[in-house]
Each structure stands twice: as C-alpha cells, then as structure tokens.
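Student: I have a structure here, written as structure tokens, and I will follow up with some questions on it.
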Amino acid sequence: MLTWGAAPRRTLASAAGAHAGAAGGRTWRALSFLVALPAVGVCMLNARLEKNRHPHGPPTFVPYHHLRIRTKPFPWGDGNHTLFHNPHTNPLPTGYEN
C-alpha cells in the first residue's frame with residue numbers, strides 16, 4: 001500500500017548487478033585496444049602521407065605596413081628578433097632570414 005508520506009526507494013545505476021562493473025571494464029578495454037589504438041595509427045599515417053605529399057616551405061613574404069612594427073628595440077639580442085624567434089616561421093620586418 002502506498003501512502004502519501006512514503007517516497008519510492010531510489011537505486012543507483014551502478015548498483016544494477018553485483019558484477020556489472022567488470023563487464024563494463026572489459027568492454028572499454030576491448031574498445032580501447034581494438035578501435036582507439038588503430039584509429040590513432042591511421043591518423044598518424046594520414047598525417048605523415050599528407051606531409052610528404054605537400055612540400056613545406058615558408059610562404060612568400062609580403063611587407064604589410066601594419067605588421068612587425070618596431071617602435072623600440074627588444075631588450076635582448078640585437079633588438080630585432082623576438083624572444084622566441086624561429087627563423088623558419090617568423091619573418092623580420094625586412095623578410096625571412098636565409
């Protein structure tokens with residue numbers, strides 16, 4: 001008999017069975033090794049093949065007047081290179097370094 005003051009008992013979803021957690025762990029382990037790791041390998045292969053197919057070089061330098069403005073020199077080095085300067089990707093105001 002249901003009375004107005006009594007609420008139905010709530011159970012947790014993980015408490016469905018005594019050994020339900022072990023089967024779920026095996027399922028996720030199998031998915032990790034049989035699906036996720038091969039997918040990572042296919043993505044790595046795709047990235048390597050795309051890199052080899054397209055030659056990598058710096059883009060042509062266009063001296064836009066609003067970029068690379070030097071109002072005062074940097075306090076390190078020769079004053080023209082940024083702190084984390086990479087000569088392959090970061091051009092100077094006059095162009096890429098050779």
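So you can find residues: chains in the structure tokens are A, B, ... in the order shown, residues in each start at 1, and ligands are numbered from 1 in order.
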Output as an MDAnalysis selection string all residues of chain A that backbone DSSP marks as helix (DSSP H, G or I).
Tutor: chainID A and resid 13:15 20:53
Student: List the neighbours of stretch 68-70 of chain A out to 12 Å using only C-alpha atoms; skip same-chain residues closer than 5 positions along the sequence, and give me the result as a list in words.
Tutor: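 Listed by chain and then number, they are Val62, Pro63, Gly79, Asn80, His81, Thr82, Asn90, Pro91, Leu92, Pro93, Thr94 and Gly95 of chain A.
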Student: Just to confirm, what's the straight-line distance from atom CA of A:Met44 to atom CA of A:Ala30 in Å (one decimal)?
Tutor: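 Between atom CA of A:Met44 and atom CA of A:Ala30 the gap is 20.9 Å.
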Student: In terms of the shortest atom-to-atom distance over only C-alpha atoms, which of A:Val42, A:Thr89, A:Arg29, A:Trp4 is closest to A:Pro59?
Tutor: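 Closest candidate: A:Thr89.
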